[in-house]
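Asks: protein35.tsv is reproduced below (TSV, C-alpha atoms).
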chain	number	residue	atom	x	y	z
A	145	MET	CA	234.64	172.95	91.76
A	146	PRO	CA	233.56	175.77	89.39
A	147	ALA	CA	236.25	177.67	87.54
A	148	GLU	CA	237.16	181.02	89.04
A	149	LYS	CA	235.82	183.93	87.05
A	150	LYS	CA	238.62	185.59	85.12
A	151	GLY	CA	239.54	188.92	86.62
A	152	ALA	CA	237.67	188.22	89.86
A	153	ASN	CA	240.70	189.10	91.95
A	154	THR	CA	238.87	190.50	94.92
A	155	SER	CA	235.64	190.16	96.82
A	156	ILE	CA	233.33	193.06	97.48
A	157	TYR	CA	235.18	193.60	100.76
A	158	GLY	CA	238.64	193.57	99.26
A	159	GLU	CA	240.61	190.39	99.92
A	160	VAL	CA	243.59	190.78	97.62
A	161	ASP	CA	245.22	188.40	95.13
A	162	GLN	CA	248.92	187.70	94.65
A	163	VAL	CA	249.45	190.29	91.91
A	164	ILE	CA	248.24	193.03	94.21
A	165	LYS	CA	250.26	191.70	97.14
A	166	ASP	CA	253.43	191.66	95.03
A	167	ARG	CA	252.94	195.22	93.85
A	168	LEU	CA	252.17	196.52	97.31
A	169	SER	CA	255.21	194.74	98.75
A	170	GLN	CA	257.40	197.40	97.12
A	171	PHE	CA	256.05	200.02	99.52
A	172	ASN	CA	256.62	200.80	103.16
A	173	PRO	CA	253.39	199.65	104.86
A	174	ASP	CA	252.94	203.11	106.38
A	175	ASP	CA	252.89	204.62	102.89
A	176	ILE	CA	250.07	202.42	101.58
A	177	VAL	CA	246.62	204.03	101.46
A	178	ASP	CA	243.62	201.74	101.83
A	179	PHE	CA	240.11	202.51	100.51
A	180	ARG	CA	238.60	199.03	100.98
A	181	SER	CA	236.92	199.60	104.34
A	182	ASP	CA	236.93	201.76	107.45
A	183	THR	CA	237.83	198.61	109.39
A	184	VAL	CA	241.40	199.15	108.17
A	185	SER	CA	241.66	202.46	110.03
A	186	LYS	CA	244.62	202.51	112.40
A	187	PRO	CA	245.13	204.18	115.78
A	188	THR	CA	246.85	207.52	115.42
A	189	ASN	CA	250.07	208.19	117.28
A	190	GLU	CA	248.11	210.50	119.57
A	191	MET	CA	245.60	207.75	120.37
A	192	ILE	CA	248.35	205.25	121.10
A	193	ALA	CA	250.03	207.70	123.46
A	194	ALA	CA	246.74	208.43	125.22
A	195	MET	CA	245.86	204.75	125.67
A	196	TYR	CA	248.62	204.16	128.16
A	197	THR	CA	247.66	207.08	130.35
A	198	TYR	CA	244.43	205.36	131.41
A	199	PRO	CA	244.38	203.26	134.60
A	200	VAL	CA	243.51	199.56	134.44
A	201	GLY	CA	242.08	196.91	136.74
A	202	ASP	CA	240.40	193.52	136.50
A	203	ASP	CA	237.19	193.89	134.53
A	204	GLY	CA	236.23	190.36	135.56
A	205	TYR	CA	235.64	191.84	139.01
A	206	GLY	CA	234.18	195.03	137.59
A	207	GLU	CA	237.31	196.85	138.79
A	208	ASP	CA	238.78	198.32	135.59
A	209	PRO	CA	238.09	202.04	136.06
A	210	THR	CA	238.56	202.90	132.38
A	211	VAL	CA	236.25	200.15	131.15
A	212	ASN	CA	233.69	201.31	133.70
A	213	LEU	CA	234.07	204.90	132.52
A	214	LEU	CA	233.64	203.90	128.87
A	215	GLU	CA	230.53	201.87	129.63
A	216	GLU	CA	229.01	204.67	131.71
A	217	THR	CA	229.84	207.24	129.04
A	218	VAL	CA	228.34	205.26	126.16
A	219	ALA	CA	225.26	204.26	128.15
A	220	LYS	CA	224.61	207.94	128.84
A	221	LEU	CA	225.30	208.85	125.21
A	222	ALA	CA	222.73	206.26	124.08
A	223	GLY	CA	220.23	207.10	126.80
A	224	LYS	CA	220.37	203.56	128.19
A	225	GLU	CA	220.65	202.20	131.72
A	226	ALA	CA	223.76	200.12	131.15
A	227	ALA	CA	226.46	199.13	128.68
A	228	MET	CA	229.10	196.44	128.15
A	229	PHE	CA	232.48	196.72	126.39
A	230	VAL	CA	233.26	193.76	124.10
A	231	ALA	CA	235.93	192.83	121.59
A	232	SER	CA	234.09	193.27	118.30
A	233	GLY	CA	230.94	194.32	116.52
A	234	ILE	CA	230.06	190.72	115.71
A	235	MET	CA	230.41	189.73	119.36
A	236	SER	CA	228.23	192.65	120.37
A	237	ASN	CA	225.52	191.76	117.86
A	238	GLN	CA	225.59	188.07	118.66
A	239	LEU	CA	225.42	188.71	122.41
A	240	ALA	CA	222.47	191.02	121.84
A	241	LEU	CA	220.59	188.52	119.68
A	242	ARG	CA	221.25	185.68	122.11
A	243	SER	CA	220.22	187.76	125.10
A	244	HIS	CA	216.93	188.79	123.50
A	245	LEU	CA	215.97	185.28	122.37
A	246	GLU	CA	214.78	182.74	124.88
A	247	VAL	CA	213.38	179.36	123.82
A	248	PRO	CA	213.01	178.11	120.22
A	249	PRO	CA	211.18	178.12	117.92
A	250	HIS	CA	211.95	181.73	117.17
A	251	SER	CA	213.18	183.91	114.32
A	252	VAL	CA	214.92	187.25	113.78
A	253	LEU	CA	213.63	189.61	111.10
A	254	CYS	CA	216.26	191.79	109.43
A	255	ASP	CA	217.23	193.57	106.23
A	256	ALA	CA	218.42	191.04	103.65
A	257	ARG	CA	221.64	193.04	103.16
A	258	SER	CA	222.42	193.33	106.86
A	259	HIS	CA	225.65	192.35	108.56
A	260	ILE	CA	223.99	189.90	110.97
A	261	PHE	CA	222.49	187.99	108.03
A	262	ASN	CA	225.41	188.00	105.59
A	263	LEU	CA	228.64	188.42	107.52
A	264	GLU	CA	228.36	186.79	110.94
A	265	CYS	CA	228.64	183.12	109.90
A	266	GLY	CA	225.03	182.33	110.70
A	267	GLY	CA	225.86	182.92	114.35
A	268	VAL	CA	222.29	183.34	115.57
A	269	ALA	CA	221.43	179.85	114.31
A	270	ILE	CA	224.42	178.40	116.13
A	271	HIS	CA	224.04	180.35	119.36
A	272	ALA	CA	220.28	180.62	119.69
A	273	GLY	CA	218.81	178.05	117.32
A	274	ALA	CA	217.02	180.90	115.56
A	275	LEU	CA	215.88	181.27	111.98
A	276	MET	CA	216.60	184.47	110.08
A	277	THR	CA	213.85	186.18	108.07
A	278	PRO	CA	215.62	188.45	105.53
A	279	VAL	CA	213.54	191.30	104.09
A	280	ASN	CA	214.30	193.25	100.91
A	281	PRO	CA	213.39	196.92	100.45
A	282	THR	CA	210.50	197.59	98.07
A	283	GLU	CA	209.02	200.51	96.11
A	284	GLY	CA	212.47	201.60	94.95
A	285	ARG	CA	213.64	202.49	98.44
A	286	SER	CA	217.13	201.75	99.72
A	287	TYR	CA	215.86	200.67	103.16
A	288	ILE	CA	213.13	198.48	104.57
A	289	THR	CA	209.97	200.11	105.88
A	290	VAL	CA	207.21	199.15	108.27
A	291	LYS	CA	205.17	197.92	105.28
A	292	ASP	CA	207.94	195.50	104.34
A	293	ILE	CA	208.17	194.28	107.92
A	294	GLU	CA	204.41	193.89	108.34
A	295	LYS	CA	204.36	191.56	105.34
A	296	ALA	CA	207.31	189.49	106.55
A	297	VAL	CA	206.71	189.20	110.29
A	298	VAL	CA	205.91	185.64	111.32
A	299	GLU	CA	202.99	185.27	113.69
A	300	LYS	CA	202.75	182.42	116.17
A	301	SER	CA	201.57	179.18	114.59
A	302	LEU	CA	202.07	175.45	114.79
A	303	TYR	CA	204.18	175.40	111.61
A	304	SER	CA	206.52	178.38	111.83
A	305	ALA	CA	209.23	180.05	113.87
A	306	PRO	CA	207.56	183.25	115.13
A	307	THR	CA	209.34	186.58	114.92
A	308	LYS	CA	210.74	187.28	118.38
A	309	LEU	CA	213.19	190.04	117.43
A	310	ILE	CA	213.55	192.70	114.73
A	311	SER	CA	217.10	193.85	113.99
A	312	LEU	CA	217.88	196.99	111.97
A	313	GLU	CA	221.20	198.44	110.82
A	314	ASN	CA	222.12	202.12	110.56
A	315	THR	CA	224.01	203.03	108.48
A	316	LEU	CA	223.73	200.14	106.02
A	317	ASP	CA	226.11	200.28	103.05
A	318	GLY	CA	226.77	203.87	104.08
A	319	GLU	CA	223.14	204.89	103.61
A	320	ILE	CA	221.13	206.38	106.46
A	321	LEU	CA	217.92	204.76	107.68
A	322	PRO	CA	215.58	207.74	108.30
A	323	ILE	CA	214.58	208.22	111.90
A	324	GLU	CA	210.94	208.62	110.84
A	325	THR	CA	211.04	205.11	109.40
A	326	ILE	CA	212.62	203.80	112.59
A	327	GLU	CA	209.82	205.35	114.63
A	328	GLU	CA	207.17	203.69	112.44
A	329	ILE	CA	208.88	200.30	112.78
A	330	ASN	CA	209.14	200.84	116.53
A	331	ASN	CA	205.43	201.56	116.81
A	332	PHE	CA	204.58	198.38	114.91
A	333	ALA	CA	207.03	196.26	116.92
A	334	ARG	CA	205.66	197.56	120.22
A	335	SER	CA	202.12	196.72	119.11
A	336	LYS	CA	203.26	193.14	118.55
A	337	GLY	CA	205.42	192.89	121.67
A	338	ILE	CA	208.56	192.36	119.58
A	339	PRO	CA	211.84	193.88	120.84
A	340	LEU	CA	214.15	195.85	118.54
A	341	HIS	CA	217.94	195.64	118.22
A	342	LEU	CA	220.11	198.10	116.30
A	343	ASP	CA	223.40	197.19	114.72
A	344	GLY	CA	224.75	200.70	115.05
A	345	ALA	CA	228.34	199.93	114.09
A	346	ARG	CA	228.26	203.11	111.99
A	347	LEU	CA	225.51	204.96	113.83
A	348	TRP	CA	228.22	207.51	114.61
A	349	ASN	CA	228.23	208.42	110.91
A	350	ALA	CA	224.45	208.71	110.73
A	351	SER	CA	224.41	210.93	113.81
A	352	ARG	CA	227.15	213.22	112.56
A	353	ALA	CA	225.63	213.48	109.07
A	354	THR	CA	222.10	214.28	110.27
A	355	GLY	CA	222.87	216.12	113.48
A	356	ILE	CA	220.52	213.73	115.31
A	357	PRO	CA	222.02	212.69	118.69
A	358	ILE	CA	222.83	209.04	119.28
A	359	LYS	CA	220.23	208.83	122.06
A	360	GLU	CA	217.47	210.04	119.70
A	361	TYR	CA	218.14	207.07	117.42
A	362	ALA	CA	218.70	204.70	120.34
A	363	LYS	CA	215.44	205.48	122.14
A	364	TYR	CA	213.51	203.39	119.62
A	365	PHE	CA	215.55	200.24	120.37
A	366	ASP	CA	215.83	197.83	123.28
A	367	SER	CA	219.51	197.32	122.54
A	368	VAL	CA	222.10	199.17	120.46
A	369	SER	CA	225.58	198.06	119.42
A	370	LEU	CA	228.15	200.79	118.74
A	371	CYS	CA	231.55	200.02	117.16
A	372	PHE	CA	234.78	201.91	117.81
A	373	SER	CA	237.16	200.18	115.40
A	374	LYS	CA	235.74	201.48	112.10
A	375	GLY	CA	235.38	205.19	111.44
A	376	LEU	CA	236.43	206.09	114.98
A	377	GLY	CA	239.82	204.45	114.48
A	378	ALA	CA	240.23	202.50	117.73
A	379	PRO	CA	242.20	199.24	117.45
A	380	ILE	CA	239.41	197.10	118.89
A	381	GLY	CA	236.06	197.20	120.59
A	382	SER	CA	232.31	197.70	120.52
A	383	VAL	CA	229.87	198.64	123.25
A	384	LEU	CA	226.46	197.02	123.68
A	385	THR	CA	223.82	199.14	125.43
A	386	GLY	CA	220.43	198.32	126.96
A	387	SER	CA	218.63	197.93	130.27
A	388	VAL	CA	220.44	196.75	133.39
A	389	GLU	CA	218.65	193.41	133.24
A	390	PHE	CA	219.51	192.94	129.57
A	391	ILE	CA	223.20	193.84	130.00
A	392	ASN	CA	223.52	191.54	133.04
A	393	ARG	CA	222.17	188.71	130.91
A	394	ALA	CA	224.54	189.62	128.09
A	395	ARG	CA	227.51	189.64	130.50
A	396	GLN	CA	226.79	186.03	131.38
A	397	TRP	CA	226.59	185.08	127.72
A	398	ARG	CA	229.86	186.93	127.12
A	399	LYS	CA	231.46	184.76	129.79
A	400	ILE	CA	230.07	181.63	128.12
A	401	TYR	CA	231.46	182.79	124.76
A	402	GLY	CA	234.90	183.30	126.31
A	403	GLY	CA	234.76	187.05	125.79
A	404	ALA	CA	235.35	188.34	129.32
A	405	TRP	CA	238.13	190.90	129.78
A	406	ARG	CA	240.78	191.37	132.41
A	407	GLN	CA	242.95	194.52	132.18
A	408	ALA	CA	241.15	196.05	129.20
A	409	GLY	CA	241.47	199.67	130.29
A	410	HIS	CA	244.06	200.64	127.69
A	411	LEU	CA	241.74	199.41	124.92
A	412	ALA	CA	238.79	201.19	126.50
A	413	GLY	CA	240.97	204.29	126.72
A	414	ALA	CA	241.40	204.24	122.95
A	415	CYS	CA	237.61	204.28	122.61
A	416	LEU	CA	237.28	207.22	124.99
A	417	TYR	CA	239.93	209.06	123.01
A	418	ALA	CA	238.05	208.31	119.79
A	419	LEU	CA	234.80	209.66	121.21
A	420	GLU	CA	236.41	212.96	122.10
A	421	ASN	CA	238.75	213.42	119.15
A	422	HIS	CA	237.53	211.38	116.16
A	423	PHE	CA	233.74	211.31	116.42
A	424	PRO	CA	233.47	215.10	115.93
A	425	ASN	CA	235.45	214.86	112.68
A	426	LEU	CA	233.39	212.25	110.83
A	427	ASN	CA	231.85	214.91	108.58
A	428	LYS	CA	235.32	215.29	107.05
A	429	ASP	CA	235.03	211.68	105.90
A	430	HIS	CA	231.57	212.35	104.48
A	431	ALA	CA	232.76	215.41	102.57
A	432	ALA	CA	235.70	213.48	101.12
A	433	ALA	CA	233.36	210.66	100.09
A	434	LYS	CA	231.17	213.09	98.14
A	435	VAL	CA	234.23	214.43	96.33
A	436	LEU	CA	235.35	210.90	95.51
A	437	GLY	CA	231.90	209.95	94.24
A	438	GLN	CA	231.80	212.94	91.93
A	439	ARG	CA	235.25	212.20	90.52
A	440	LEU	CA	234.48	208.51	89.98
A	441	GLU	CA	231.41	209.53	87.99
A	442	GLU	CA	233.55	211.87	85.89
A	443	MET	CA	235.82	208.89	85.14
A	444	GLY	CA	232.90	206.81	83.83
A	445	TYR	CA	231.87	204.85	86.91
A	446	ASN	CA	228.19	204.93	87.87
A	447	LEU	CA	227.01	205.56	91.42
A	448	ILE	CA	224.67	202.79	92.55
A	449	LYS	CA	223.90	204.05	96.07
A	450	ARG	CA	223.50	207.42	97.74
A	451	VAL	CA	226.65	208.91	99.24
A	452	ASP	CA	225.09	209.73	102.61
A	453	THR	CA	228.17	209.20	104.75
A	454	ASN	CA	231.58	207.65	104.17
A	455	MET	CA	230.90	205.00	101.51
A	456	VAL	CA	230.90	205.29	97.73
A	457	TRP	CA	229.36	202.44	95.70
A	458	VAL	CA	229.87	202.33	91.94
A	459	GLU	CA	229.61	199.93	89.01
A	460	ASP	CA	231.93	199.80	86.01
A	461	SER	CA	229.79	198.59	83.07
A	462	HIS	CA	230.57	201.74	81.06
A	463	ALA	CA	234.04	202.48	82.44
A	464	LEU	CA	237.17	202.16	80.32
A	465	VAL	CA	239.00	200.26	83.08
A	466	SER	CA	237.11	197.70	85.17
A	467	LEU	CA	237.32	197.96	88.92
A	468	SER	CA	238.93	194.53	89.04
A	469	ASP	CA	241.70	195.69	86.71
A	470	MET	CA	241.93	199.02	88.52
A	471	ALA	CA	242.62	197.26	91.82
A	472	LYS	CA	245.70	195.67	90.29
A	473	GLU	CA	246.88	198.88	88.66
A	474	VAL	CA	246.52	201.23	91.64
A	475	ALA	CA	248.47	198.73	93.75
A	476	ALA	CA	251.52	199.88	91.80
A	477	TYR	CA	250.87	203.33	93.27
A	478	GLY	CA	250.69	202.00	96.84
A	479	ILE	CA	246.89	202.11	96.94
A	480	LYS	CA	244.39	199.41	97.92
A	481	ILE	CA	240.83	199.33	96.60
A	482	SER	CA	238.31	196.49	96.78
A	483	GLY	CA	238.21	195.79	93.05
A	484	SER	CA	234.46	195.48	93.22
A	485	SER	CA	231.98	198.22	94.06
A	486	ARG	CA	232.87	199.85	97.36
A	487	PHE	CA	235.21	202.68	98.34
A	488	VAL	CA	235.27	203.71	102.01
A	489	ILE	CA	236.65	206.92	103.51
A	490	HIS	CA	238.12	207.00	107.02
A	491	LEU	CA	240.58	209.03	109.05
A	492	GLY	CA	243.51	207.17	107.45
A	493	ASN	CA	242.66	208.14	103.87
A	494	ARG	CA	240.37	211.19	103.96
A	495	ASN	CA	243.29	213.39	102.86
A	496	GLN	CA	244.38	210.96	100.13
A	497	VAL	CA	241.44	211.21	97.70
A	498	ASP	CA	243.55	213.25	95.28
A	499	ARG	CA	246.24	210.57	95.33
A	500	LEU	CA	243.69	207.89	94.46
A	501	THR	CA	241.84	209.77	91.74
A	502	ASN	CA	245.03	211.08	90.14
A	503	ALA	CA	246.36	207.52	89.93
A	504	MET	CA	243.10	206.23	88.50
A	505	GLN	CA	242.97	209.03	85.92
A	506	GLU	CA	246.55	208.29	84.87
A	507	ILE	CA	245.70	204.60	84.45
A	508	ILE	CA	242.62	205.45	82.38
A	509	GLU	CA	244.69	207.77	80.13
A	510	ARG	CA	247.21	204.97	79.60
A	511	ARG	CA	244.37	202.68	78.52
A	512	LYS	CA	243.06	205.35	76.13
A	513	ASN	CA	246.52	205.67	74.61
A	514	GLY	CA	246.92	201.90	74.26
A	515	VAL	CA	249.74	201.75	76.79
A	516	LEU	CA	247.79	199.75	79.36
A	517	GLU	CA	246.77	196.26	78.28
A	518	ALA	CA	243.58	194.67	79.57
A	519	ILE	CA	244.38	192.21	82.36
What does this structure look like when you write it as structure tokens?

Replies:
Amino acid sequence: MPAEKKGANTSIYGEVDQVIKDRLSQFNPDDIVDFRSDTVSKPTNEMIAAMYTYPVGDDGYGEDPTVNLLEETVAKLAGKEAAMFVASGIMSNQLALRSHLEVPPHSVLCDARSHIFNLECGGVAIHAGALMTPVNPTEGRSYITVKDIEKAVVEKSLYSAPTKLISLENTLDGEILPIETIEEINNFARSKGIPLHLDGARLWNASRATGIPIKEYAKYFDSVSLCFSKGLGAPIGSVLTGSVEFINRARQWRKIYGGAWRQAGHLAGACLYALENHFPNLNKDHAAAKVLGQRLEEMGYNLIKRVDTNMVWVEDSHALVSLSDMAKEVAAYGIKISGSSRFVIHLGNRNQVDRLTNAMQEIIERRKNGVLEAI
């Protein structure tokens, strides 16, 4: 087994080592501020109170009125015929992929950095026997284009797994996929008879940042997954949207996967609350992210991606304190960061950027003055 790289205390997504855990243990959990991901966002007290005002029923019979309301609301928001409430973004994506794919051999074309390719345990191979065709952006762009897809699409042949689905992600790493590019990809896919799925876990952010309604993005896709437990701050849940026929097929696959609900109305209520109260405020996260990006640059960290929405990506090759070391040091201030490249703003930390950057600046000054030893 290869030796662990010295100082590699965290992954890009922020699993923490024992030093960080020990330092954070000195704090009340409610006082710790977390910049690793928007998945760590927590329901507000107001959301929790609202959840229990919603009626419930048995969703297995289609009789949970709050789940039904959520599905109807999101379907309308996305301009689709139907929708289905599920436990997670991964479940929503995997149900979508499985429901689109029929009989192997088949393959799914996607961005090489996408969640379905890197972070869903190869689920589409397990569930659908499908191959993934990862595509990298070219020509210095931060997103794949129709030219990239045209080169990578697999036509039907005796020796290959033909492309039967194209899956895009918006936002991806916090960057927005332009709607003009989506339209071009849609036109190409339609000409080939290939359906399109959108992992829109953070499409809320793209919509709020651009002012483009969710349904304007969604109209180019056969299915769209929308997550409520990231920037919107619900404790659980995603909604998959599509045609009635598609969602009925996905409901059966959800049953097979063991993902059917019973009295899920309180959880659906949290999502409805988030739509009304948190979705409109996402631009506050985006503004805070821009401030954070600027301050990180002033401290010697280099931006490596655009700050379009709520994510800030930096590298530390010219910084006085590495991000890996910084993750350990800020833990003593009751702050969690990934220790790699990514900082993420959400409703639980958007007002805490000063706390983070002040702590980081103090740590850097200590290093300058020889008080802070390299870890």

Asks: So, counting only C-alpha atoms, which residue among A:Lys300, A:Lys472, A:Arg511, A:Arg180 is closest to Val163 (chain A)?

Replies: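 The closest residue to Val163 (chain A) is A:Lys472.
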
Asks: Contacts of Ala219 (chain A) at 9 Å or less, counting all atoms listed in the file, minus same-chain residues fewer than 3 places along, as a ChimeraX atom specification?

Replies: /A:214-216,222-228,383-386

Asks: Figure out the distance between CA of Lys374 (chain A) and CA of Ile320 (chain A), please, to one decimal in Å.

Replies: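 Value for the CA of Ile320 (chain A)-CA of Lys374 (chain A) distance: 16.4 Å.
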
Asks: In Å, rounded to a single decimal, give me how far CA of Ile508 (chain A) is from CA of Arg167 (chain A).

Replies: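 For CA of Arg167 (chain A) relative to CA of Ile508 (chain A), the distance reads 18.5 Å.
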
Asks: Between A:Leu316, A:Ile356, A:Leu309, A:Ala240, which residue has the minimum interatomic distance to Arg450 (chain A), considering all atoms listed in the file?

Replies: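 Closest to Arg450 (chain A) of all the choices is A:Leu316.
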
Asks: In file coordinates, which residues lie within 12 Å of (248.4, 208.8, 115.8) using all atoms listed in the file, given as an mmCIF file with C-alpha atoms, in the frame of the given file?

Replies:
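Produced file point_3.cif, reproduced below:
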data_model
loop_
_atom_site.group_PDB
_atom_site.id
_atom_site.type_symbol
_atom_site.label_atom_id
_atom_site.label_comp_id
_atom_site.auth_asym_id
_atom_site.auth_seq_id
_atom_site.Cartn_x
_atom_site.Cartn_y
_atom_site.Cartn_z
ATOM 1 C CA ASP A 174 252.940 203.110 106.380
ATOM 2 C CA SER A 185 241.660 202.460 110.030
ATOM 3 C CA LYS A 186 244.620 202.510 112.400
ATOM 4 C CA PRO A 187 245.130 204.180 115.780
ATOM 5 C CA THR A 188 246.850 207.520 115.420
ATOM 6 C CA ASN A 189 250.070 208.190 117.280
ATOM 7 C CA GLU A 190 248.110 210.500 119.570
ATOM 8 C CA MET A 191 245.600 207.750 120.370
ATOM 9 C CA ILE A 192 248.350 205.250 121.100
ATOM 10 C CA ALA A 193 250.030 207.700 123.460
ATOM 11 C CA ALA A 194 246.740 208.430 125.220
ATOM 12 C CA MET A 195 245.860 204.750 125.670
ATOM 13 C CA GLY A 377 239.820 204.450 114.480
ATOM 14 C CA ALA A 378 240.230 202.500 117.730
ATOM 15 C CA PRO A 379 242.200 199.240 117.450
ATOM 16 C CA ALA A 414 241.400 204.240 122.950
ATOM 17 C CA TYR A 417 239.930 209.060 123.010
ATOM 18 C CA ALA A 418 238.050 208.310 119.790
ATOM 19 C CA ASN A 421 238.750 213.420 119.150
ATOM 20 C CA HIS A 422 237.530 211.380 116.160
ATOM 21 C CA LEU A 491 240.580 209.030 109.050
ATOM 22 C CA GLY A 492 243.510 207.170 107.450
#

Asks: From the options A:Gly355, A:Gly381, A:Gly409, A:Pro199, which residue's atoms come nearest to Thr183 (chain A), counting only C-alpha atoms?

Replies: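 Checking each of A:Gly355, A:Gly381, A:Gly409, A:Pro199 against Thr183 (chain A), counting only C-alpha atoms, the winner is A:Gly381.
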
Asks: Using the file's own x, y and z axes, what box holds all listed atoms of region 257-267 of chain A with 4 Å on each side, keeping edges along x, y and z, and what are its centre and edge lengths in Å to one decimal, as JSON?

Replies:
{"center_x": 225.1, "center_y": 187.8, "center_z": 108.8, "size_x": 15.0, "size_y": 19.0, "size_z": 19.2}

Asks: Measuring between all atoms listed in the file, which one of A:Asn330, A:Asn314, A:Ser301, A:Asn493 shows the shortest distance to Leu370 (chain A)?

Replies: A:Asn314

Asks: Excluding Ala256 (chain A) and residues on its chain fewer than 6 positions from it, collect all residues at most 10 Å away from it, counting only C-alpha atoms, and give them as a PDB file with C-alpha atoms, in the frame of the given file.

Replies:
ATOM      1  CA  ASN A 262     225.410 188.000 105.590  1.00  0.00           C
ATOM      2  CA  MET A 276     216.600 184.470 110.080  1.00  0.00           C
ATOM      3  CA  THR A 277     213.850 186.180 108.070  1.00  0.00           C
ATOM      4  CA  PRO A 278     215.620 188.450 105.530  1.00  0.00           C
ATOM      5  CA  VAL A 279     213.540 191.300 104.090  1.00  0.00           C
ATOM      6  CA  ASN A 280     214.300 193.250 100.910  1.00  0.00           C
ATOM      7  CA  PRO A 281     213.390 196.920 100.450  1.00  0.00           C
ATOM      8  CA  TYR A 287     215.860 200.670 103.160  1.00  0.00           C
ATOM      9  CA  ILE A 288     213.130 198.480 104.570  1.00  0.00           C
TER      10      ILE A 288
END

Asks: What would region 244-249 of chain A look like with all heavy atoms in place, written as a PDB file, in the frame of the given file?

Replies:
ATOM      1  N   HIS A 244     218.351 188.498 123.757  1.00  0.00           N
ATOM      2  CA  HIS A 244     216.930 188.790 123.500  1.00  0.00           C
ATOM      3  C   HIS A 244     216.119 187.503 123.345  1.00  0.00           C
ATOM      4  O   HIS A 244     214.966 187.436 123.783  1.00  0.00           O
ATOM      5  CB  HIS A 244     216.772 189.622 122.237  1.00  0.00           C
ATOM      6  CG  HIS A 244     217.020 191.079 122.418  1.00  0.00           C
ATOM      7  ND1 HIS A 244     216.270 191.861 123.263  1.00  0.00           N
ATOM      8  CD2 HIS A 244     217.942 191.905 121.848  1.00  0.00           C
ATOM      9  CE1 HIS A 244     216.719 193.112 123.214  1.00  0.00           C
ATOM     10  NE2 HIS A 244     217.730 193.167 122.363  1.00  0.00           N
ATOM     11  N   LEU A 245     216.707 186.505 122.700  1.00  0.00           N
ATOM     12  CA  LEU A 245     215.970 185.280 122.370  1.00  0.00           C
ATOM     13  C   LEU A 245     215.987 184.315 123.548  1.00  0.00           C
ATOM     14  O   LEU A 245     216.991 184.180 124.244  1.00  0.00           O
ATOM     15  CB  LEU A 245     216.593 184.627 121.136  1.00  0.00           C
ATOM     16  CG  LEU A 245     216.556 185.493 119.866  1.00  0.00           C
ATOM     17  CD1 LEU A 245     217.425 184.877 118.779  1.00  0.00           C
ATOM     18  CD2 LEU A 245     215.120 185.668 119.370  1.00  0.00           C
ATOM     19  N   GLU A 246     214.877 183.636 123.738  1.00  0.00           N
ATOM     20  CA  GLU A 246     214.780 182.740 124.880  1.00  0.00           C
ATOM     21  C   GLU A 246     214.719 181.276 124.426  1.00  0.00           C
ATOM     22  O   GLU A 246     215.731 180.621 124.320  1.00  0.00           O
ATOM     23  CB  GLU A 246     213.569 183.127 125.743  1.00  0.00           C
ATOM     24  CG  GLU A 246     213.739 184.518 126.363  1.00  0.00           C
ATOM     25  CD  GLU A 246     212.553 184.936 127.202  1.00  0.00           C
ATOM     26  OE1 GLU A 246     211.582 184.154 127.318  1.00  0.00           O
ATOM     27  OE2 GLU A 246     212.590 186.051 127.755  1.00  0.00           O
ATOM     28  N   VAL A 247     213.529 180.778 124.144  1.00  0.00           N
ATOM     29  CA  VAL A 247     213.380 179.360 123.820  1.00  0.00           C
ATOM     30  C   VAL A 247     212.866 179.191 122.394  1.00  0.00           C
ATOM     31  O   VAL A 247     211.860 179.793 122.037  1.00  0.00           O
ATOM     32  CB  VAL A 247     212.402 178.681 124.800  1.00  0.00           C
ATOM     33  CG1 VAL A 247     212.265 177.207 124.469  1.00  0.00           C
ATOM     34  CG2 VAL A 247     212.878 178.867 126.240  1.00  0.00           C
ATOM     35  N   PRO A 248     213.536 178.373 121.557  1.00  0.00           N
ATOM     36  CA  PRO A 248     213.010 178.110 120.220  1.00  0.00           C
ATOM     37  C   PRO A 248     211.643 177.433 120.305  1.00  0.00           C
ATOM     38  O   PRO A 248     211.309 176.838 121.340  1.00  0.00           O
ATOM     39  CB  PRO A 248     214.059 177.174 119.611  1.00  0.00           C
ATOM     40  CG  PRO A 248     215.287 177.357 120.449  1.00  0.00           C
ATOM     41  CD  PRO A 248     214.785 177.672 121.819  1.00  0.00           C
ATOM     42  N   PRO A 249     210.846 177.525 119.224  1.00  0.00           N
ATOM     43  CA  PRO A 249     211.180 178.120 117.920  1.00  0.00           C
ATOM     44  C   PRO A 249     211.049 179.639 117.940  1.00  0.00           C
ATOM     45  O   PRO A 249     210.131 180.180 118.534  1.00  0.00           O
ATOM     46  CB  PRO A 249     210.141 177.499 116.992  1.00  0.00           C
ATOM     47  CG  PRO A 249     208.953 177.262 117.876  1.00  0.00           C
ATOM     48  CD  PRO A 249     209.504 176.887 119.217  1.00  0.00           C
TER      49      PRO A 249
END
